[in-house]
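Worksheet for the structure shown next.
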Amino acid sequence: MRAVIWDFDGVIVDAEPLHYEAFRRALAERGVVLDREVYYAEFLPLDDAAFFERARERLGLMGDVAALSRRKREIYQEVLRADGVRVFPGVRELLAAVGGSLRQAIASGSTGGEVRQICAMGGITRHFAAIVTIDDVARGKPAPDLFLEAACRLRAAPAGCLVIEDSPSGVEAARAAGMKALAVTTSRPAAALGRADRVVASLEGLDPEDLARLW
């Protein structure tokens with residue numbers, strides 16, 4: 001193991017409920033209902049543009065994708081200011097432990113502004129040598145672009161990188177990048193994450209040796 005690449009929403013921070021609420025309200029303004037179960041089953045972890053493209057096909061949404069994405073980001077900021085966001089249990093401890101010997105990065109389908117804002121709010125920015133977001137690549141997950149770009153910035157061979165993910169498409173992206181995948185069941189059940197090299201219920205209690213055993 002040479003580096004650890006973290007997904008963000010659903011792995012480091014519990015931001016998926018905030019994204020769901022922002023998407024739900026943006027669609028409601030257009031008269032479209034977004035059910036929570038449908039969101040987690042069919043739309044996680046699409047970036048904003050991909051979400052609205054699929055919503056046009058799946059839910060009959062009308063409107064310009066760029067305008068809808070801007071409106072969603074405005075609502076997200078409102079929700080974030082009102083509700084805040086929490087770092088998942090075990091994350092701070094694992095970040096500190098891994099950071100003692102390995103370089104770490106974030107690879108997220110969210111926008112760079114959102115990720116950096118929440119990292120600053122949570123006081124965890126210092127742990128990451130690179131932050132890669134949907135702003136930096138041509139394709140989101142399940143394409144491997146985010147993880148490959150993160151590995152490039154860390155100067156680490158993909159085969160030596162461990163990805164920590166919470167979604168099936170994120171696990172597929174890690175596999176497509178030639179990386180190991182540790183999945184955590186914060187957003188989806190273990191059965192949906194079966195292609196990961198290991199599935200855990202929480203990151204609490206894990207240490208770098210636990211991660212290295214995947215090799």
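Letters for chains follow the order of the structure tokens (A, B, ...), residue numbers begin at 1 for each chain, and ligand numbers begin at 1 in the order shown.
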In segment 59-163 of chain A, DSSP strand (DSSP E) residues written as a list in words: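 The strand (DSSP E) residues within segment 59-163 of chain A come out as Arg103, Gln104, Ala105, Ile106, Ala107, Ala130, Ile131, Val132, Cys161, Leu162 and Val163 of chain A.
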Put those residues in a file: all heavy atoms, as a PDB file, in the first residue's frame.
ATOM      1  N   ARG A 103       0.663   9.028   1.981  1.00  0.00           N
ATOM      2  CA  ARG A 103      -0.019  10.207   1.453  1.00  0.00           C
ATOM      3  C   ARG A 103      -1.481   9.859   1.209  1.00  0.00           C
ATOM      4  O   ARG A 103      -1.825   8.726   0.868  1.00  0.00           O
ATOM      5  CB  ARG A 103       0.651  10.674   0.152  1.00  0.00           C
ATOM      6  CG  ARG A 103       2.004  11.339   0.418  1.00  0.00           C
ATOM      7  CD  ARG A 103       2.858  11.409  -0.823  1.00  0.00           C
ATOM      8  NE  ARG A 103       2.304  12.276  -1.859  1.00  0.00           N
ATOM      9  CZ  ARG A 103       2.410  13.609  -1.886  1.00  0.00           C
ATOM     10  NH1 ARG A 103       3.032  14.228  -0.914  1.00  0.00           N
ATOM     11  NH2 ARG A 103       1.919  14.308  -2.886  1.00  0.00           N
ATOM     12  N   GLN A 104      -2.351  10.874   1.367  1.00  0.00           N
ATOM     13  CA  GLN A 104      -3.782  10.661   1.235  1.00  0.00           C
ATOM     14  C   GLN A 104      -4.389  11.723   0.321  1.00  0.00           C
ATOM     15  O   GLN A 104      -3.890  12.855   0.240  1.00  0.00           O
ATOM     16  CB  GLN A 104      -4.464  10.735   2.601  1.00  0.00           C
ATOM     17  CG  GLN A 104      -3.933   9.723   3.599  1.00  0.00           C
ATOM     18  CD  GLN A 104      -4.630   9.803   4.945  1.00  0.00           C
ATOM     19  OE1 GLN A 104      -5.610   9.126   5.188  1.00  0.00           O
ATOM     20  NE2 GLN A 104      -4.117  10.646   5.822  1.00  0.00           N
ATOM     21  N   ALA A 105      -5.483  11.337  -0.348  1.00  0.00           N
ATOM     22  CA  ALA A 105      -6.196  12.265  -1.227  1.00  0.00           C
ATOM     23  C   ALA A 105      -7.692  12.027  -1.089  1.00  0.00           C
ATOM     24  O   ALA A 105      -8.140  10.957  -0.655  1.00  0.00           O
ATOM     25  CB  ALA A 105      -5.772  12.067  -2.683  1.00  0.00           C
ATOM     26  N   ILE A 106      -8.447  13.027  -1.484  1.00  0.00           N
ATOM     27  CA  ILE A 106      -9.896  12.903  -1.669  1.00  0.00           C
ATOM     28  C   ILE A 106     -10.162  12.816  -3.164  1.00  0.00           C
ATOM     29  O   ILE A 106      -9.545  13.535  -3.955  1.00  0.00           O
ATOM     30  CB  ILE A 106     -10.628  14.113  -1.070  1.00  0.00           C
ATOM     31  CG1 ILE A 106     -10.566  14.093   0.458  1.00  0.00           C
ATOM     32  CG2 ILE A 106     -12.086  14.151  -1.534  1.00  0.00           C
ATOM     33  CD1 ILE A 106     -11.095  15.345   1.110  1.00  0.00           C
ATOM     34  N   ALA A 107     -11.086  11.941  -3.557  1.00  0.00           N
ATOM     35  CA  ALA A 107     -11.556  11.867  -4.940  1.00  0.00           C
ATOM     36  C   ALA A 107     -13.070  11.829  -4.891  1.00  0.00           C
ATOM     37  O   ALA A 107     -13.670  10.799  -4.570  1.00  0.00           O
ATOM     38  CB  ALA A 107     -10.999  10.635  -5.648  1.00  0.00           C
ATOM     39  N   ALA A 130      -3.796  15.952  -1.750  1.00  0.00           N
ATOM     40  CA  ALA A 130      -4.507  16.331  -2.979  1.00  0.00           C
ATOM     41  C   ALA A 130      -6.005  16.196  -2.753  1.00  0.00           C
ATOM     42  O   ALA A 130      -6.455  15.304  -2.024  1.00  0.00           O
ATOM     43  CB  ALA A 130      -4.077  15.453  -4.148  1.00  0.00           C
ATOM     44  N   ILE A 131      -6.751  17.091  -3.371  1.00  0.00           N
ATOM     45  CA  ILE A 131      -8.220  17.009  -3.387  1.00  0.00           C
ATOM     46  C   ILE A 131      -8.652  17.074  -4.842  1.00  0.00           C
ATOM     47  O   ILE A 131      -8.435  18.084  -5.518  1.00  0.00           O
ATOM     48  CB  ILE A 131      -8.865  18.138  -2.569  1.00  0.00           C
ATOM     49  CG1 ILE A 131      -8.506  17.997  -1.083  1.00  0.00           C
ATOM     50  CG2 ILE A 131     -10.384  18.134  -2.759  1.00  0.00           C
ATOM     51  CD1 ILE A 131      -9.051  19.113  -0.203  1.00  0.00           C
ATOM     52  N   VAL A 132      -9.225  15.988  -5.336  1.00  0.00           N
ATOM     53  CA  VAL A 132      -9.678  15.886  -6.722  1.00  0.00           C
ATOM     54  C   VAL A 132     -11.198  15.804  -6.711  1.00  0.00           C
ATOM     55  O   VAL A 132     -11.775  15.008  -5.963  1.00  0.00           O
ATOM     56  CB  VAL A 132      -9.083  14.641  -7.411  1.00  0.00           C
ATOM     57  CG1 VAL A 132      -9.555  14.550  -8.854  1.00  0.00           C
ATOM     58  CG2 VAL A 132      -7.559  14.673  -7.345  1.00  0.00           C
ATOM     59  N   CYS A 161      -2.619   1.778  -4.502  1.00  0.00           N
ATOM     60  CA  CYS A 161      -3.588   2.688  -3.890  1.00  0.00           C
ATOM     61  C   CYS A 161      -4.792   1.929  -3.329  1.00  0.00           C
ATOM     62  O   CYS A 161      -5.318   1.011  -3.971  1.00  0.00           O
ATOM     63  CB  CYS A 161      -4.093   3.702  -4.909  1.00  0.00           C
ATOM     64  SG  CYS A 161      -2.846   4.881  -5.478  1.00  0.00           S
ATOM     65  N   LEU A 162      -5.222   2.330  -2.153  1.00  0.00           N
ATOM     66  CA  LEU A 162      -6.457   1.825  -1.567  1.00  0.00           C
ATOM     67  C   LEU A 162      -7.507   2.920  -1.624  1.00  0.00           C
ATOM     68  O   LEU A 162      -7.269   4.047  -1.189  1.00  0.00           O
ATOM     69  CB  LEU A 162      -6.241   1.414  -0.110  1.00  0.00           C
ATOM     70  CG  LEU A 162      -7.523   1.054   0.654  1.00  0.00           C
ATOM     71  CD1 LEU A 162      -8.148  -0.222   0.101  1.00  0.00           C
ATOM     72  CD2 LEU A 162      -7.247   0.923   2.148  1.00  0.00           C
ATOM     73  N   VAL A 163      -8.683   2.583  -2.150  1.00  0.00           N
ATOM     74  CA  VAL A 163      -9.811   3.496  -2.199  1.00  0.00           C
ATOM     75  C   VAL A 163     -10.786   3.132  -1.089  1.00  0.00           C
ATOM     76  O   VAL A 163     -11.075   1.952  -0.864  1.00  0.00           O
ATOM     77  CB  VAL A 163     -10.522   3.408  -3.567  1.00  0.00           C
ATOM     78  CG1 VAL A 163     -11.866   4.118  -3.526  1.00  0.00           C
ATOM     79  CG2 VAL A 163      -9.633   3.984  -4.657  1.00  0.00           C
TER      80      VAL A 163
END
Please identify which residues in chain A DSSP calls alpha helix (DSSP H) from the backbone, and express them as a ChimeraX atom specification. /A:16-28,36-38,48-58,65-83,91-99,112-122,145-154,168-176,208-212
Give me the residues within 9 Å of segment 73-80 of chain A as a ChimeraX atom specification, counting only C-alpha atoms and dropping any in the same chain fewer than 3 places off. /A:15,18-19,21-23,25-26,48,68-70,83-85,114
May I have the residues from that selection written out with all heavy atoms, as a short mmCIF file (atom, residue, chain, number, x, y, z; two decimals), in the first residue's frame?
data_model
loop_
_atom_site.label_atom_id
_atom_site.label_comp_id
_atom_site.auth_asym_id
_atom_site.auth_seq_id
_atom_site.Cartn_x
_atom_site.Cartn_y
_atom_site.Cartn_z
N ALA A 15 -22.75 13.77 4.40
CA ALA A 15 -23.34 14.86 3.61
C ALA A 15 -24.41 14.38 2.63
O ALA A 15 -25.10 15.22 2.04
CB ALA A 15 -22.26 15.60 2.84
N LEU A 18 -27.77 15.89 3.06
CA LEU A 18 -27.83 17.29 2.63
C LEU A 18 -27.99 17.38 1.12
O LEU A 18 -28.76 18.20 0.61
CB LEU A 18 -26.58 18.04 3.07
CG LEU A 18 -26.17 17.95 4.55
CD1 LEU A 18 -25.00 18.89 4.82
CD2 LEU A 18 -27.33 18.26 5.46
N HIS A 19 -27.25 16.53 0.40
CA HIS A 19 -27.39 16.52 -1.06
C HIS A 19 -28.80 16.08 -1.46
O HIS A 19 -29.40 16.67 -2.37
CB HIS A 19 -26.35 15.58 -1.68
CG HIS A 19 -24.97 16.15 -1.72
ND1 HIS A 19 -24.61 17.16 -2.59
CD2 HIS A 19 -23.87 15.87 -0.99
CE1 HIS A 19 -23.34 17.47 -2.40
NE2 HIS A 19 -22.87 16.71 -1.44
N GLU A 21 -31.57 16.46 0.20
CA GLU A 21 -32.51 17.54 0.46
C GLU A 21 -32.38 18.65 -0.58
O GLU A 21 -33.38 19.21 -1.04
CB GLU A 21 -32.28 18.10 1.86
CG GLU A 21 -33.20 19.26 2.26
CD GLU A 21 -34.68 18.89 2.27
OE1 GLU A 21 -35.01 17.69 2.24
OE2 GLU A 21 -35.50 19.83 2.30
N ALA A 22 -31.15 18.97 -0.99
CA ALA A 22 -30.95 20.00 -2.01
C ALA A 22 -31.52 19.57 -3.36
O ALA A 22 -32.19 20.35 -4.05
CB ALA A 22 -29.47 20.34 -2.13
N PHE A 23 -31.26 18.32 -3.75
CA PHE A 23 -31.84 17.80 -4.99
C PHE A 23 -33.37 17.77 -4.89
O PHE A 23 -34.07 18.13 -5.85
CB PHE A 23 -31.32 16.41 -5.28
CG PHE A 23 -29.94 16.37 -5.87
CD1 PHE A 23 -28.94 15.60 -5.29
CD2 PHE A 23 -29.63 17.08 -7.03
CE1 PHE A 23 -27.67 15.55 -5.84
CE2 PHE A 23 -28.36 17.03 -7.59
CZ PHE A 23 -27.38 16.26 -6.99
N ARG A 25 -35.45 19.57 -3.13
CA ARG A 25 -36.04 20.89 -3.21
C ARG A 25 -35.91 21.49 -4.61
O ARG A 25 -36.84 22.15 -5.11
CB ARG A 25 -35.42 21.81 -2.16
CG ARG A 25 -35.89 21.49 -0.75
CD ARG A 25 -35.10 22.21 0.33
NE ARG A 25 -35.00 23.65 0.13
CZ ARG A 25 -34.34 24.47 0.93
NH1 ARG A 25 -33.72 23.98 2.01
NH2 ARG A 25 -34.29 25.76 0.68
N ALA A 26 -34.77 21.25 -5.26
CA ALA A 26 -34.59 21.76 -6.62
C ALA A 26 -35.61 21.14 -7.56
O ALA A 26 -36.17 21.82 -8.43
CB ALA A 26 -33.17 21.48 -7.10
N ASP A 48 -23.67 16.49 -9.93
CA ASP A 48 -24.89 17.27 -10.14
C ASP A 48 -25.41 17.16 -11.57
O ASP A 48 -26.61 16.93 -11.80
CB ASP A 48 -24.64 18.74 -9.78
CG ASP A 48 -24.40 18.94 -8.30
OD1 ASP A 48 -24.52 17.97 -7.53
OD2 ASP A 48 -24.07 20.08 -7.91
N LEU A 68 -30.23 24.05 -13.50
CA LEU A 68 -30.68 23.20 -12.39
C LEU A 68 -29.53 22.92 -11.43
O LEU A 68 -29.71 22.93 -10.21
CB LEU A 68 -31.24 21.89 -12.94
CG LEU A 68 -32.59 21.99 -13.65
CD1 LEU A 68 -32.84 20.75 -14.50
CD2 LEU A 68 -33.72 22.18 -12.63
N SER A 69 -28.34 22.69 -11.97
CA SER A 69 -27.17 22.43 -11.12
C SER A 69 -26.83 23.64 -10.28
O SER A 69 -26.49 23.52 -9.10
CB SER A 69 -25.97 22.03 -11.99
OG SER A 69 -26.22 20.82 -12.68
N ARG A 70 -26.90 24.82 -10.87
CA ARG A 70 -26.63 26.05 -10.11
C ARG A 70 -27.64 26.20 -8.98
O ARG A 70 -27.28 26.56 -7.85
CB ARG A 70 -26.67 27.27 -11.02
CG ARG A 70 -25.46 27.42 -11.92
CD ARG A 70 -25.41 28.80 -12.55
NE ARG A 70 -26.56 29.05 -13.41
CZ ARG A 70 -26.62 28.74 -14.70
NH1 ARG A 70 -25.59 28.14 -15.28
NH2 ARG A 70 -27.70 29.02 -15.42
N ASP A 83 -28.01 23.12 8.78
CA ASP A 83 -27.88 21.82 9.45
C ASP A 83 -26.45 21.45 9.82
O ASP A 83 -26.24 20.62 10.70
CB ASP A 83 -28.45 20.71 8.55
CG ASP A 83 -29.93 20.88 8.29
OD1 ASP A 83 -30.56 21.69 9.00
OD2 ASP A 83 -30.45 20.21 7.38
N GLY A 84 -25.45 22.03 9.15
CA GLY A 84 -24.08 21.61 9.36
C GLY A 84 -23.86 20.21 8.83
O GLY A 84 -24.72 19.62 8.19
N VAL A 85 -22.68 19.67 9.10
CA VAL A 85 -22.35 18.34 8.62
C VAL A 85 -21.43 17.67 9.64
O VAL A 85 -20.64 18.35 10.30
CB VAL A 85 -21.69 18.39 7.23
CG1 VAL A 85 -20.32 19.04 7.32
CG2 VAL A 85 -21.61 17.03 6.57
N GLU A 114 -17.46 22.80 -2.66
CA GLU A 114 -18.18 22.13 -1.58
C GLU A 114 -17.24 21.29 -0.73
O GLU A 114 -17.30 21.34 0.50
CB GLU A 114 -19.28 21.24 -2.18
CG GLU A 114 -20.43 22.01 -2.80
CD GLU A 114 -21.41 21.12 -3.52
OE1 GLU A 114 -21.17 19.90 -3.62
OE2 GLU A 114 -22.43 21.64 -4.00
#
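If you count only C-alpha atoms and ignore residues fewer than 5 places along the chain from Glu42 of chain A, what sits within 10 Å of it is Glu37, Phe51, Arg54, Ala55 and Arg58 of chain A.
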Rank A:Arg81, A:Lys180, A:Arg195, A:Lys141 by their smallest atom-to-atom distance to Gln117 of chain A, using only C-alpha atoms, and report the top residue only.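 Among the listed residues, the smallest separation from Gln117 of chain A belongs to A:Arg81.
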Nearest residue to Ser202 of chain A from the set A:Glu172, A:Glu149, A:Asp166, A:Glu57 (distances using only C-alpha atoms):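 Answer, going by the shortest atom-to-atom distance: A:Asp166.
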Quick one: distance from atom CA of Gly178 of chain A to atom CA of Pro45 of chain A in Å, one decimal?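 Atom CA of Pro45 of chain A lies 19.9 Å from atom CA of Gly178 of chain A.
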Polymer residues at most 8 Å from Leu182 of chain A, only C-alpha atoms, same-chain spacing of 5 or more positions, as a ChimeraX atom specification: /A:162-165,196-200
With only C-alpha atoms as the counted atoms, please give the residues lying no more than 7 Å from Val65 of chain A, apart from itself and same-chain residues fewer than 5 positions off, as a ChimeraX atom specification. /A:49,52-53
Print the selection's residues with all heavy atoms to a file, as a short mmCIF file (atom, residue, chain, number, x, y, z; two decimals), in the first residue's frame.
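Okay, again.cif is ready:
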data_model
loop_
_atom_site.label_atom_id
_atom_site.label_comp_id
_atom_site.auth_asym_id
_atom_site.auth_seq_id
_atom_site.Cartn_x
_atom_site.Cartn_y
_atom_site.Cartn_z
N ALA A 49 -24.54 17.35 -12.55
CA ALA A 49 -24.97 17.32 -13.94
C ALA A 49 -25.53 15.95 -14.32
O ALA A 49 -26.59 15.84 -14.97
CB ALA A 49 -23.83 17.71 -14.87
N PHE A 52 -29.05 15.40 -12.83
CA PHE A 52 -30.17 16.03 -13.53
C PHE A 52 -30.40 15.42 -14.91
O PHE A 52 -31.54 15.36 -15.38
CB PHE A 52 -29.94 17.54 -13.62
CG PHE A 52 -30.16 18.24 -12.30
CD1 PHE A 52 -29.10 18.86 -11.64
CD2 PHE A 52 -31.41 18.26 -11.71
CE1 PHE A 52 -29.29 19.48 -10.42
CE2 PHE A 52 -31.61 18.89 -10.48
CZ PHE A 52 -30.55 19.49 -9.84
N GLU A 53 -29.35 14.94 -15.54
CA GLU A 53 -29.53 14.21 -16.80
C GLU A 53 -30.38 12.96 -16.57
O GLU A 53 -31.31 12.67 -17.33
CB GLU A 53 -28.18 13.83 -17.41
CG GLU A 53 -27.38 15.00 -17.96
CD GLU A 53 -27.95 15.53 -19.28
OE1 GLU A 53 -28.98 15.02 -19.76
OE2 GLU A 53 -27.34 16.47 -19.82
#
I need the residue nearest Val91 of chain A from this list: A:Ala157, A:Ala177, A:Leu193, A:Ile12. Use only C-alpha atoms for the distance. A:Ile12
